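Peer 1: Below is the file my_file.tsv, which contains TSV, C-alpha atoms and all ligand atoms.
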chain	number	residue	atom	x	y	z
S	517	MET	CA	5.44	4.12	29.77
S	518	ALA	CA	5.43	4.00	25.98
S	519	ARG	CA	4.77	7.20	24.07
S	520	ILE	CA	4.46	8.42	20.52
S	521	VAL	CA	7.46	10.46	19.43
S	522	GLY	CA	6.47	11.25	15.86
S	523	GLY	CA	4.32	10.55	12.84
S	524	MET	CA	5.22	10.15	9.19
S	525	GLY	CA	3.21	9.91	6.01
S	526	THR	CA	4.93	8.39	2.99
S	527	SER	CA	4.09	6.66	-0.26
S	528	HIS	CA	5.18	3.05	-0.83
S	529	VAL	CA	5.85	2.83	-4.56
S	530	PRO	CA	7.26	-0.58	-5.58
S	531	SER	CA	9.61	0.81	-8.25
S	532	VAL	CA	11.50	2.59	-5.46
S	533	GLY	CA	12.36	-0.81	-4.00
S	534	VAL	CA	13.74	-1.91	-7.35
S	535	ALA	CA	15.80	1.29	-7.71
S	536	TYR	CA	17.04	0.85	-4.13
S	537	ASP	CA	18.17	-2.75	-4.69
S	538	ARG	CA	19.99	-1.77	-7.89
S	539	GLY	CA	21.80	1.10	-6.19
S	540	LYS	CA	20.04	3.70	-8.34
S	541	MET	CA	18.74	6.06	-5.67
S	542	GLN	CA	21.26	8.72	-6.66
S	543	THR	CA	20.64	8.63	-10.39
S	544	PRO	CA	18.94	11.77	-11.82
S	545	GLU	CA	15.59	9.94	-11.80
S	546	TRP	CA	15.64	9.13	-8.11
S	547	GLN	CA	17.90	11.78	-6.56
S	548	PRO	CA	14.91	14.03	-5.71
S	549	LEU	CA	13.44	11.24	-3.60
S	550	TYR	CA	16.79	10.41	-2.03
S	551	ASP	CA	17.24	14.08	-1.08
S	552	MET	CA	13.72	14.26	0.33
S	553	PHE	CA	14.65	11.65	2.93
S	554	LEU	CA	18.02	13.10	4.02
S	555	PRO	CA	16.44	15.39	6.66
S	556	VAL	CA	14.17	12.52	7.68
S	557	LYS	CA	17.19	10.45	8.64
S	558	GLU	CA	18.46	13.33	10.81
S	559	TRP	CA	15.05	13.66	12.38
S	560	LEU	CA	14.88	9.94	13.11
S	561	ALA	CA	18.30	10.10	14.75
S	562	ARG	CA	16.98	12.91	16.97
S	563	ILE	CA	13.64	11.39	18.02
S	564	ASP	CA	15.27	7.93	18.21
S	565	PRO	CA	12.21	5.65	17.99
S	566	THR	CA	12.50	2.09	19.33
S	567	ILE	CA	9.38	0.77	17.57
S	568	ALA	CA	7.60	1.81	14.38
S	569	ILE	CA	3.91	1.03	13.94
S	570	ILE	CA	3.59	0.94	10.16
S	571	VAL	CA	0.09	1.29	8.74
S	572	TYR	CA	0.25	-0.36	5.34
S	573	ASN	CA	-1.63	-2.64	3.01
S	574	ASP	CA	-0.78	-6.02	1.57
S	575	HIS	CA	-0.89	-6.09	-2.25
S	576	GLY	CA	-1.99	-9.66	-2.87
S	577	THR	CA	1.27	-10.89	-1.36
S	578	ASP	CA	0.15	-12.76	1.74
S	579	LEU	CA	-3.58	-12.04	2.00
S	580	PHE	CA	-6.12	-13.35	-0.49
S	581	PHE	CA	-9.82	-12.72	-1.02
S	582	ASP	CA	-10.81	-16.11	0.38
S	583	LYS	CA	-10.68	-14.47	3.83
S	584	TYR	CA	-9.96	-10.79	3.77
S	585	PRO	CA	-9.48	-8.86	7.02
S	586	THR	CA	-10.56	-5.23	7.22
S	587	PHE	CA	-7.92	-4.50	9.86
S	588	ALA	CA	-5.09	-6.92	10.64
S	589	LEU	CA	-2.31	-6.55	13.18
S	590	GLY	CA	0.97	-8.43	13.06
S	591	ALA	CA	1.89	-10.09	16.36
S	592	ALA	CA	5.21	-11.81	15.74
S	593	ASP	CA	8.87	-11.31	16.60
S	594	TYR	CA	9.86	-11.68	12.94
S	595	TYR	CA	8.06	-11.02	9.69
S	596	PRO	CA	9.41	-12.77	6.61
S	597	GLN	CA	9.36	-11.20	3.20
S	598	GLY	CA	6.69	-12.31	0.76
S	599	ASP	CA	7.25	-12.99	-2.94
S	600	GLU	CA	5.58	-10.40	-5.14
S	601	GLY	CA	6.13	-12.43	-8.28
S	602	TYR	CA	9.81	-11.73	-8.90
S	603	GLY	CA	11.39	-13.69	-6.06
S	604	PRO	CA	12.63	-12.23	-2.78
S	605	ARG	CA	14.57	-8.98	-2.45
S	606	PRO	CA	17.95	-9.00	-0.63
S	607	LEU	CA	16.55	-7.88	2.73
S	608	PRO	CA	16.57	-9.49	6.19
S	609	PRO	CA	13.26	-10.32	7.88
S	610	VAL	CA	11.57	-7.43	9.63
S	611	ARG	CA	12.03	-7.50	13.41
S	612	GLY	CA	8.83	-7.36	15.43
S	613	ASP	CA	7.81	-7.19	19.08
S	614	ALA	CA	5.09	-9.78	19.67
S	615	GLU	CA	4.49	-8.73	23.26
S	616	PHE	CA	3.87	-5.10	22.30
S	617	SER	CA	1.67	-6.19	19.38
S	618	TRP	CA	-0.46	-8.39	21.63
S	619	HIS	CA	-0.79	-5.55	24.09
S	620	LEU	CA	-2.04	-3.30	21.28
S	621	SER	CA	-4.47	-5.94	20.03
S	622	GLU	CA	-5.91	-6.40	23.52
S	623	GLN	CA	-6.36	-2.67	24.05
S	624	LEU	CA	-7.78	-2.08	20.58
S	625	VAL	CA	-10.26	-4.96	20.70
S	626	TRP	CA	-11.39	-3.95	24.18
S	627	ASN	CA	-11.83	-0.47	22.76
S	628	GLU	CA	-14.12	-1.94	20.07
S	629	PHE	CA	-11.69	-2.19	17.16
S	630	ASP	CA	-12.06	-5.83	16.16
S	631	LEU	CA	-8.77	-6.66	14.51
S	632	THR	CA	-7.56	-9.87	12.95
S	633	VAL	CA	-4.38	-10.81	14.83
S	634	CYS	CA	-1.67	-12.44	12.68
S	635	GLN	CA	1.09	-14.52	14.24
S	636	GLU	CA	2.49	-15.04	10.76
S	637	LEU	CA	2.47	-12.29	8.17
S	638	ALA	CA	4.68	-11.82	5.12
S	639	MET	CA	5.74	-8.31	4.18
S	640	ASP	CA	5.63	-6.62	0.78
S	641	HIS	CA	6.57	-3.23	-0.71
S	642	GLY	CA	3.72	-1.59	1.21
S	643	LEU	CA	5.83	-1.82	4.36
S	644	LEU	CA	9.34	-2.48	3.06
S	645	VAL	CA	9.73	0.52	0.74
S	646	PRO	CA	9.05	3.04	3.53
S	647	MET	CA	11.58	1.13	5.65
S	648	ASN	CA	14.17	1.32	2.85
S	649	LEU	CA	13.68	5.08	2.68
S	650	CYS	CA	14.13	5.50	6.43
S	651	TRP	CA	16.68	2.91	7.56
S	652	ASP	CA	19.61	0.85	6.36
S	653	HIS	CA	18.92	-2.89	6.69
S	654	ARG	CA	22.61	-3.82	6.92
S	655	PRO	CA	23.60	-5.72	9.00
S	656	ASP	CA	20.03	-5.78	10.36
S	657	TRP	CA	17.08	-3.42	10.63
S	658	PRO	CA	17.79	-0.97	13.47
S	659	ILE	CA	14.16	-0.81	14.61
S	660	LYS	CA	11.32	-3.11	15.60
S	661	VAL	CA	8.07	-2.92	13.66
S	662	VAL	CA	4.38	-3.53	14.26
S	663	PRO	CA	2.58	-4.01	10.91
S	664	LEU	CA	-0.99	-2.70	10.90
S	665	GLN	CA	-2.68	-3.81	7.70
S	666	ILE	CA	-5.78	-2.11	6.30
S	667	ASN	CA	-7.99	-3.38	3.49
S	668	VAL	CA	-7.73	-0.83	0.68
S	669	LEU	CA	-8.19	-3.40	-2.11
S	670	GLN	CA	-11.63	-4.96	-1.91
S	671	HIS	CA	-14.57	-2.60	-1.37
S	672	PRO	CA	-16.28	-2.21	1.07
S	673	LEU	CA	-13.17	-0.69	2.64
S	674	PRO	CA	-13.18	0.79	6.13
S	675	THR	CA	-14.26	4.42	5.97
S	676	ALA	CA	-11.77	7.25	6.24
S	677	LEU	CA	-13.47	8.20	9.50
S	678	ARG	CA	-12.98	4.71	10.89
S	679	CYS	CA	-9.27	4.79	10.04
S	680	TRP	CA	-9.00	8.16	11.82
S	681	LYS	CA	-10.71	6.78	14.94
S	682	LEU	CA	-8.45	3.73	14.85
S	683	GLY	CA	-5.51	6.11	15.10
S	684	GLN	CA	-6.99	7.76	18.16
S	685	ALA	CA	-7.53	4.36	19.78
S	686	LEU	CA	-3.99	3.35	18.81
S	687	ARG	CA	-2.58	6.30	20.71
S	688	LYS	CA	-4.39	5.26	23.89
S	689	ALA	CA	-3.24	1.68	23.42
S	690	VAL	CA	0.39	2.78	23.04
S	691	GLU	CA	0.20	4.98	26.12
S	692	ALA	CA	-1.19	2.09	28.17
S	693	TYR	CA	1.97	0.04	27.58
S	694	PRO	CA	4.11	-0.11	30.73
S	695	LYS	CA	7.54	-0.34	29.06
S	696	ASP	CA	9.49	2.73	27.95
S	697	GLU	CA	9.14	2.47	24.20
S	698	ARG	CA	9.50	5.43	21.84
S	699	VAL	CA	6.94	4.86	19.11
S	700	LEU	CA	6.92	6.24	15.58
S	701	VAL	CA	3.68	5.84	13.60
S	702	ILE	CA	4.00	5.70	9.82
S	703	GLY	CA	1.01	5.96	7.50
S	704	THR	CA	1.85	4.68	4.03
S	705	GLY	CA	0.34	4.65	0.54
S	706	GLY	CA	-0.85	7.04	-2.13
S	707	MET	CA	-0.72	9.69	-3.21
S	708	SER	CA	-2.65	10.16	-6.44
S	709	HIS	CA	-2.38	7.16	-8.74
S	710	GLN	CA	-4.55	4.80	-10.72
S	711	LEU	CA	-3.40	1.43	-12.02
S	712	ASN	CA	-6.61	-0.06	-13.43
S	713	GLY	CA	-8.53	0.75	-16.61
S	714	GLU	CA	-8.15	3.35	-19.32
S	715	ARG	CA	-7.54	5.95	-16.61
S	716	PHE	CA	-4.23	4.22	-15.76
S	717	GLY	CA	-1.56	6.79	-14.94
S	718	PHE	CA	-3.93	9.46	-13.64
S	719	MET	CA	-2.27	11.86	-11.19
S	720	ASN	CA	-3.45	15.08	-9.58
S	721	GLU	CA	-0.69	17.12	-7.94
S	722	ASN	CA	-3.02	19.95	-6.89
S	723	TRP	CA	-5.13	17.51	-4.91
S	724	ASP	CA	-2.06	15.83	-3.44
S	725	GLN	CA	-0.79	19.17	-2.14
S	726	GLN	CA	-4.23	19.97	-0.74
S	727	PHE	CA	-4.31	16.60	1.00
S	728	LEU	CA	-0.92	17.32	2.58
S	729	ASP	CA	-2.26	20.65	3.88
S	730	TRP	CA	-5.39	19.06	5.26
S	731	ILE	CA	-3.86	15.97	6.84
S	732	GLU	CA	-1.55	18.24	8.79
S	733	ALA	CA	-3.90	21.06	9.84
S	734	GLU	CA	-7.48	19.89	9.20
S	735	PRO	CA	-7.47	16.08	9.27
S	736	GLU	CA	-11.21	15.91	10.03
S	737	ARG	CA	-11.86	17.24	6.52
S	738	VAL	CA	-10.12	14.21	5.06
S	739	ALA	CA	-11.82	11.92	7.58
S	740	GLN	CA	-15.21	13.07	6.27
S	741	MET	CA	-14.43	12.18	2.65
S	742	THR	CA	-15.95	9.12	1.00
S	743	HIS	CA	-14.00	6.59	-1.04
S	744	GLN	CA	-15.85	7.85	-4.11
S	745	GLU	CA	-14.56	11.39	-3.53
S	746	LEU	CA	-11.02	10.20	-2.84
S	747	MET	CA	-10.95	8.09	-6.02
S	748	GLU	CA	-12.41	10.86	-8.17
S	749	LYS	CA	-9.79	13.31	-6.97
S	750	GLY	CA	-6.75	11.06	-6.85
S	751	GLY	CA	-7.42	7.91	-8.87
S	752	ALA	CA	-8.82	4.55	-7.79
S	753	GLU	CA	-5.68	3.31	-6.03
S	754	SER	CA	-5.14	6.61	-4.18
S	755	VAL	CA	-7.83	5.49	-1.75
S	756	GLU	CA	-4.83	4.06	0.15
S	757	LEU	CA	-4.52	7.54	1.63
S	758	ILE	CA	-7.07	6.57	4.27
S	759	MET	CA	-4.12	4.82	5.95
S	760	TRP	CA	-2.50	8.21	6.60
S	761	LEU	CA	-5.50	9.08	8.78
S	762	THR	CA	-4.63	6.31	11.23
S	763	MET	CA	-1.17	7.85	11.62
S	764	ARG	CA	-2.60	11.35	11.98
S	765	GLY	CA	-5.27	10.18	14.45
S	766	ALA	CA	-2.51	8.84	16.69
S	767	LEU	CA	-0.96	12.33	17.01
S	768	SER	CA	-2.18	15.32	18.99
S	769	PRO	CA	-4.89	17.55	17.43
S	770	GLN	CA	-2.32	20.25	16.71
S	771	VAL	CA	0.95	19.13	15.23
S	772	LYS	CA	4.29	20.62	14.33
S	773	ARG	CA	5.44	19.90	10.79
S	774	ILE	CA	9.07	18.90	10.47
S	775	ASP	CA	9.44	18.13	6.76
S	776	ARG	CA	7.31	17.89	3.66
S	777	GLY	CA	8.19	16.80	0.14
S	778	TYR	CA	6.63	15.72	-3.13
S	779	TYR	CA	7.82	14.12	-6.37
S	780	ASN	CA	5.73	12.52	-9.11
S	781	PRO	CA	8.00	11.13	-11.82
S	782	MET	CA	5.95	8.28	-13.31
S	783	THR	CA	2.48	7.17	-12.21
S	784	THR	CA	2.29	8.01	-8.50
S	785	GLY	CA	2.55	11.16	-6.44
S	786	ILE	CA	5.28	10.28	-3.94
S	787	ALA	CA	5.05	12.33	-0.77
S	788	LEU	CA	6.70	12.68	2.57
S	789	LEU	CA	5.34	14.39	5.66
S	790	THR	CA	6.88	14.23	9.13
S	791	LEU	CA	5.03	15.53	12.18
S	792	GLU	CA	5.43	15.80	15.93
S	793	ASP	CA	2.86	16.39	18.65
S	794	ALA	CA	2.30	20.05	19.50
S	795	GLY	CA	0.54	19.80	22.87
W	1152	MET	CA	-22.64	6.30	5.06
W	1153	ALA	CA	-22.45	5.01	1.49
W	1154	GLN	CA	-18.91	5.24	0.22
W	1155	LEU	CA	-19.46	4.44	-3.46
W	1156	GLU	CA	-21.87	6.03	-5.92
W	1157	PRO	CA	-22.66	3.56	-8.70
W	1158	ASN	CA	-24.64	6.31	-10.42
W	1159	ARG	CA	-21.51	8.43	-10.67
W	1160	PRO	CA	-19.11	6.12	-12.52
W	1161	ILE	CA	-15.54	7.36	-12.94
W	1162	ASP	CA	-14.41	7.20	-16.57
W	1163	GLY	CA	-11.99	4.40	-17.38
W	1164	THR	CA	-12.16	3.07	-13.82
W	1165	TYR	CA	-13.14	-0.40	-12.55
W	1166	VAL	CA	-13.56	-0.12	-8.80
W	1167	PHE	CA	-12.69	-3.48	-7.29
W	1168	ASP	CA	-15.81	-3.96	-5.22
W	1169	TRP	CA	-17.44	-7.17	-4.01
W	1170	ARG	CA	-19.22	-7.60	-7.34
W	1171	LEU	CA	-15.98	-7.67	-9.28
W	1172	SER	CA	-14.33	-9.75	-6.58
W	1173	ARG	CA	-17.03	-12.43	-6.97
W	1174	LYS	CA	-16.79	-12.31	-10.74
W	1175	GLY	CA	-13.00	-12.47	-10.86
W	1176	TYR	CA	-12.50	-14.93	-8.02
W	1177	ARG	CA	-11.04	-17.77	-10.08
W	1178	LEU	CA	-8.80	-15.47	-12.10
W	1179	ASN	CA	-7.58	-13.81	-8.94
W	1180	LYS	CA	-6.90	-17.18	-7.36
W	1181	LEU	CA	-4.78	-18.18	-10.34
W	1182	ALA	CA	-2.90	-14.88	-10.33
W	1183	PHE	CA	-2.30	-15.00	-6.57
W	1184	SER	CA	-0.90	-18.53	-6.88
W	1185	LEU	CA	1.88	-17.14	-9.08
W	1186	SER	CA	3.53	-15.55	-6.07
W	1187	ARG	CA	5.15	-18.97	-5.51
W	1188	ALA	CA	8.15	-19.80	-7.67
W	1189	GLU	CA	7.13	-23.44	-8.20
W	1190	ASN	CA	3.72	-22.31	-9.45
W	1191	ARG	CA	5.30	-19.81	-11.83
W	1192	ASP	CA	7.39	-22.65	-13.21
W	1193	ALA	CA	4.34	-24.86	-13.66
W	1194	PHE	CA	2.42	-22.04	-15.33
W	1195	LYS	CA	5.24	-21.28	-17.74
W	1196	GLU	CA	5.70	-24.98	-18.46
W	1197	ASN	CA	2.10	-25.59	-19.47
W	1198	GLU	CA	-0.43	-22.79	-19.20
W	1199	GLU	CA	-3.37	-24.88	-20.36
W	1200	ALA	CA	-2.77	-27.54	-17.73
W	1201	TYR	CA	-2.32	-24.84	-15.13
W	1202	PHE	CA	-5.75	-23.37	-16.00
W	1203	ASP	CA	-7.35	-26.67	-15.01
W	1204	ARG	CA	-6.31	-26.19	-11.40
W	1205	PHE	CA	-8.56	-23.14	-11.18
W	1206	ASP	CA	-11.69	-24.20	-13.02
W	1207	LEU	CA	-11.54	-21.21	-15.39
W	1208	SER	CA	-14.26	-20.62	-17.96
W	1209	GLU	CA	-13.26	-20.60	-21.62
W	1210	GLU	CA	-13.71	-16.81	-21.67
W	1211	GLU	CA	-11.39	-16.43	-18.68
W	1212	LYS	CA	-8.75	-18.69	-20.22
W	1213	ASP	CA	-8.90	-16.61	-23.38
W	1214	LEU	CA	-8.29	-13.37	-21.51
W	1215	VAL	CA	-5.13	-14.89	-20.03
W	1216	ARG	CA	-4.03	-16.45	-23.33
W	1217	LYS	CA	-4.36	-13.11	-25.08
W	1218	ARG	CA	-2.68	-11.17	-22.25
W	1219	ASP	CA	-5.74	-8.92	-22.48
W	1220	PHE	CA	-5.06	-6.89	-19.35
W	1221	LEU	CA	-7.93	-4.44	-19.80
W	1222	GLY	CA	-10.26	-7.39	-20.39
W	1223	LEU	CA	-8.93	-9.08	-17.27
W	1224	ILE	CA	-9.56	-5.95	-15.20
W	1225	ARG	CA	-13.09	-5.66	-16.58
W	1226	HIS	CA	-13.64	-9.30	-15.69
W	1227	GLY	CA	-12.75	-8.69	-12.06
W	1228	THR	CA	-9.03	-9.34	-11.88
W	1229	ASN	CA	-7.62	-7.20	-9.11
W	1230	ILE	CA	-4.72	-5.04	-10.30
W	1231	TYR	CA	-2.36	-6.27	-7.57
W	1232	MET	CA	-3.14	-9.91	-8.34
W	1233	MET	CA	-2.70	-9.13	-12.04
W	1234	LEU	CA	0.81	-7.89	-11.33
W	1235	LYS	CA	1.78	-11.51	-10.54
W	1236	LEU	CA	0.33	-12.62	-13.85
W	1237	GLY	CA	2.31	-9.83	-15.48
W	1238	ALA	CA	5.50	-10.95	-13.75
W	1239	ALA	CA	5.00	-14.53	-14.95
W	1240	THR	CA	4.37	-13.44	-18.55
W	1241	GLY	CA	7.04	-10.77	-18.89
W	1242	ASN	CA	4.69	-7.80	-18.57
W	1243	GLY	CA	5.58	-5.14	-16.03
W	1244	LEU	CA	3.13	-2.67	-14.54
W	1245	TYR	CA	3.87	0.01	-17.11
W	1246	GLN	CA	3.46	-2.38	-20.05
W	1247	MET	CA	0.11	-3.46	-18.67
W	1248	GLY	CA	-0.80	0.18	-18.08
W	1249	ALA	CA	0.09	1.24	-21.61
W	1250	GLN	CA	-2.07	-1.55	-22.97
W	1251	GLN	CA	-5.01	-0.52	-20.78
W	1252	ARG	CA	-4.66	3.04	-22.08
W	1253	GLY	CA	-4.57	1.79	-25.67
W	1254	GLU	CA	-1.01	3.10	-26.17
W	1255	THR	CA	2.34	1.61	-27.02
W	1256	TYR	CA	4.86	1.47	-24.20
W	1257	GLN	CA	6.85	4.31	-25.77
W	1258	GLU	CA	3.73	6.45	-26.21
W	1259	PHE	CA	2.87	5.91	-22.57
W	1260	LEU	CA	6.36	6.81	-21.33
W	1261	ALA	CA	6.17	10.07	-23.32
W	1262	THR	CA	3.16	11.11	-21.20
W	1263	ARG	CA	5.16	10.91	-17.94
W	1264	ASN	CA	7.01	13.69	-16.08
W	1265	VAL	CA	10.20	11.59	-15.88
W	1266	GLY	CA	9.68	8.68	-18.24
W	1267	SER	CA	13.07	7.19	-17.44
W	1268	ALA	CA	12.20	6.59	-13.76
W	1269	THR	CA	11.00	3.08	-14.45
Z	1301	FE	FE	-0.10	0.37	-2.20
What does the file become when written as structure tokens?
Peer 2:
Amino acid sequence: MARIVGGMGTSHVPSVGVAYDRGKMQTPEWQPLYDMFLPVKEWLARIDPTIAIIVYNDHGTDLFFDKYPTFALGAADYYPQGDEGYGPRPLPPVRGDAEFSWHLSEQLVWNEFDLTVCQELAMDHGLLVPMNLCWDHRPDWPIKVVPLQINVLQHPLPTALRCWKLGQALRKAVEAYPKDERVLVIGTGGMSHQLNGERFGFMNENWDQQFLDWIEAEPERVAQMTHQELMEKGGAESVELIMWLTMRGALSPQVKRIDRGYYNPMTTGIALLTLEDAG
Amino acid sequence: MAQLEPNRPIDGTYVFDWRLSRKGYRLNKLAFSLSRAENRDAFKENEEAYFDRFDLSEEEKDLVRKRDFLGLIRHGTNIYMMLKLGAATGNGLYQMGAQQRGETYQEFLATRNVGSAT
């Protein structure tokens, strides 16, 4: 039987991908982020996940507003890389597990979460940057991935509460899978940042730290927040943080924190939180 | 439960809701198209001809011609679509951000915690 072996929250800032590709992760600018993920790599070696369900959003890479899904689930054995405007990065395709994805889609739809199922889906920094921080892609990615895409671009977005409930349903769907898979759930995005308008560059570290406290110990408080409240506190684009709730909803009510980190060099609060079930 | 409060606007913020998505649809379609290399080439080759593929209004064309990123946002261009337009015109995220703030690039970098982490 499949089971969830851990949860992670992490930002997915595109400039990290650029620094990674240029071999700059150990320059003074990026060393703090590099160091933040050293214990994560040890933790991953210990919990040894076979599949990562990565809750992320597309950034106008594959999905366009002609038909925009609220929730979309990848169901392929490979996910190619999209072009974000600068040509492809030197990364292999992401390895998937179509059978597991289809199982999840069946369970989730039967449990009243009406997902769009995607047999082709191109990946962008929303999913790839967290992977870069966790795993080496040479010679190939060492883990299979299920991409779970949430609309955080075009309002109306799904509510924070809905994302939280999706996580709870995701846990049941994972546990109903007959094969012995060890599943890591990663919620990506945020933290505080705003990229549109005169408020560009807005960050709020106090709120980010509060969010990290709440998502760990009192996730229902975050689940009750509106998009308006999230954007006021953290900037318009920080509403991505609703994706962390899906990760947190997939864990047990009480959790054990493994690691936590924060760094906000430029325009985005970059955070890391790793959690395990605590009964 | 309502998630947005139009009566409580956030200063300097253009929430990309369905109203802006309708308004900016053609601009967003153009910007999204630039995620293909052959379209970037065509755009760079002849911007005016490229506009014709997307049925842009004269006002919309002018926003692109002027690289008026704040104007584009106000007109309903989604920030992540606009990043493709930035890439095709030599304007990175931080350049577009500085312009939206009404600052030079250097002024903007000076407001950051680690301005060299670009
Ligand atoms: Fe994002």
Peer 1: Pick out the residues sitting within 9 Å of W:Phe1183, and hand them over as a ChimeraX atom specification; count all atoms listed in the file, and ignore anything fewer than 5 positions along from it in its own chain.
Peer 2: /S:576-578,580,601 /W:1178,1231-1233,1235-1236
Peer 1: From the options S:Gly703, S:Pro565, S:Pro674, S:Gly642, which residue's atoms come nearest to ligand FE 1301 (chain Z), counting only C-alpha atoms and all ligand atoms?
Peer 2: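 With only C-alpha atoms and all ligand atoms as the atom set, the closest residue is S:Gly642.
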Peer 1: Find the residues near stretch 778-794 of chain S: any atom within 8 Å, counting all atoms listed in the file, skip ones fewer than 2 places away on the same chain, and give them as number ranges by chain.
Peer 2: S: 521-529, 545, 548-549, 552, 556, 706-710, 717-721, 724, 728, 732, 767-776; W: 1263-1266, 1268-1269
Peer 1: Give the residues of chain S that lie within 8 Å of chain W; count all atoms listed in the file, and format the answer as a PyMOL selection string.
Peer 2: chain S and resi 531+545-546+575-577+580-581+599-603+669-672+675+711-717+742-744+748+752+780-783
Peer 1: Give me the residues within 8 Å of S:Leu686 as a list of chain:residue names, counting all atoms listed in the file and dropping any in the same chain fewer than 2 places off.
Peer 2: S:Leu620, S:Leu624, S:Leu682, S:Gly683, S:Gln684, S:Lys688, S:Ala689, S:Val690, S:Ala766
Peer 1: Write a file of the selected residues as an mmCIF file, in the frame of the given file, keeping C-alpha atoms.
Peer 2:
data_model
loop_
_atom_site.group_PDB
_atom_site.id
_atom_site.type_symbol
_atom_site.label_atom_id
_atom_site.label_comp_id
_atom_site.auth_asym_id
_atom_site.auth_seq_id
_atom_site.Cartn_x
_atom_site.Cartn_y
_atom_site.Cartn_z
ATOM 1 C CA LEU S 620 -2.040 -3.300 21.280
ATOM 2 C CA LEU S 624 -7.780 -2.080 20.580
ATOM 3 C CA LEU S 682 -8.450 3.730 14.850
ATOM 4 C CA GLY S 683 -5.510 6.110 15.100
ATOM 5 C CA GLN S 684 -6.990 7.760 18.160
ATOM 6 C CA LYS S 688 -4.390 5.260 23.890
ATOM 7 C CA ALA S 689 -3.240 1.680 23.420
ATOM 8 C CA VAL S 690 0.390 2.780 23.040
ATOM 9 C CA ALA S 766 -2.510 8.840 16.690
#
Peer 1: Take atom CA of S:Met541 and atom CA of S:Arg698 and report the distance between them in Å, one decimal.
Peer 2: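 Between atom CA of S:Met541 and atom CA of S:Arg698 the gap works out to 29.0 Å.
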Peer 1: What separation in Å, quoted to one decimal, exists between atom CA of S:Trp618 and atom CA of S:Pro604?
Peer 2: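 So the answer is 28.0 Å.
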Peer 1: May I have the residues at most 10 Å from (7.1, -5.8, 24.6) in the file's coordinates, counting only C-alpha atoms, as a list of chain:residue names?
Peer 2: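 Checked against the point, the hits come out as S:Ile567, S:Asp593, S:Gly612, S:Asp613, S:Ala614, S:Glu615, S:Phe616, S:Ser617, S:Trp618, S:His619, S:Tyr693, S:Pro694, S:Lys695, S:Asp696, S:Glu697.
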Peer 1: Could you check how far atom CA of S:Tyr572 sits from atom CA of W:Arg1177, in Å to one decimal?
Peer 2: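 Pair atom CA of S:Tyr572 / atom CA of W:Arg1177 returns 25.9 Å.
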Peer 1: Where atoms are absent from stretch 1222-1234 of chain W, fill them in so it carries N, CA and C atoms, then output it as a PDB file, in the frame of the given file.
Peer 2:
ATOM      1  N   GLY W1222      -9.177  -6.406 -20.489  1.00  0.00           N
ATOM      2  CA  GLY W1222     -10.260  -7.390 -20.390  1.00  0.00           C
ATOM      3  C   GLY W1222     -10.244  -8.101 -19.051  1.00  0.00           C
ATOM      4  N   LEU W1223      -9.047  -8.420 -18.575  1.00  0.00           N
ATOM      5  CA  LEU W1223      -8.930  -9.080 -17.270  1.00  0.00           C
ATOM      6  C   LEU W1223      -9.430  -8.181 -16.145  1.00  0.00           C
ATOM      7  N   ILE W1224      -9.077  -6.909 -16.210  1.00  0.00           N
ATOM      8  CA  ILE W1224      -9.560  -5.950 -15.200  1.00  0.00           C
ATOM      9  C   ILE W1224     -11.080  -5.870 -15.238  1.00  0.00           C
ATOM     10  N   ARG W1225     -11.622  -5.754 -16.454  1.00  0.00           N
ATOM     11  CA  ARG W1225     -13.090  -5.660 -16.580  1.00  0.00           C
ATOM     12  C   ARG W1225     -13.769  -6.920 -16.072  1.00  0.00           C
ATOM     13  N   HIS W1226     -13.065  -8.034 -16.138  1.00  0.00           N
ATOM     14  CA  HIS W1226     -13.640  -9.300 -15.690  1.00  0.00           C
ATOM     15  C   HIS W1226     -13.411  -9.545 -14.196  1.00  0.00           C
ATOM     16  N   GLY W1227     -12.861  -8.552 -13.513  1.00  0.00           N
ATOM     17  CA  GLY W1227     -12.750  -8.690 -12.060  1.00  0.00           C
ATOM     18  C   GLY W1227     -11.393  -9.120 -11.555  1.00  0.00           C
ATOM     19  N   THR W1228     -10.369  -9.060 -12.399  1.00  0.00           N
ATOM     20  CA  THR W1228      -9.030  -9.340 -11.880  1.00  0.00           C
ATOM     21  C   THR W1228      -8.575  -8.107 -11.115  1.00  0.00           C
ATOM     22  N   ASN W1229      -8.129  -8.309  -9.901  1.00  0.00           N
ATOM     23  CA  ASN W1229      -7.620  -7.200  -9.110  1.00  0.00           C
ATOM     24  C   ASN W1229      -6.242  -6.802  -9.641  1.00  0.00           C
ATOM     25  N   ILE W1230      -5.976  -5.509  -9.689  1.00  0.00           N
ATOM     26  CA  ILE W1230      -4.720  -5.040 -10.300  1.00  0.00           C
ATOM     27  C   ILE W1230      -3.494  -5.630  -9.603  1.00  0.00           C
ATOM     28  N   TYR W1231      -3.555  -5.769  -8.265  1.00  0.00           N
ATOM     29  CA  TYR W1231      -2.360  -6.270  -7.570  1.00  0.00           C
ATOM     30  C   TYR W1231      -2.181  -7.769  -7.773  1.00  0.00           C
ATOM     31  N   MET W1232      -3.268  -8.495  -7.963  1.00  0.00           N
ATOM     32  CA  MET W1232      -3.140  -9.910  -8.340  1.00  0.00           C
ATOM     33  C   MET W1232      -2.606  -9.989  -9.770  1.00  0.00           C
ATOM     34  N   MET W1233      -3.109  -9.101 -10.626  1.00  0.00           N
ATOM     35  CA  MET W1233      -2.700  -9.130 -12.040  1.00  0.00           C
ATOM     36  C   MET W1233      -1.205  -8.867 -12.199  1.00  0.00           C
ATOM     37  N   LEU W1234      -0.630  -8.139 -11.255  1.00  0.00           N
ATOM     38  CA  LEU W1234       0.810  -7.890 -11.330  1.00  0.00           C
ATOM     39  C   LEU W1234       1.604  -9.194 -11.294  1.00  0.00           C
TER      40      LEU W1234
END
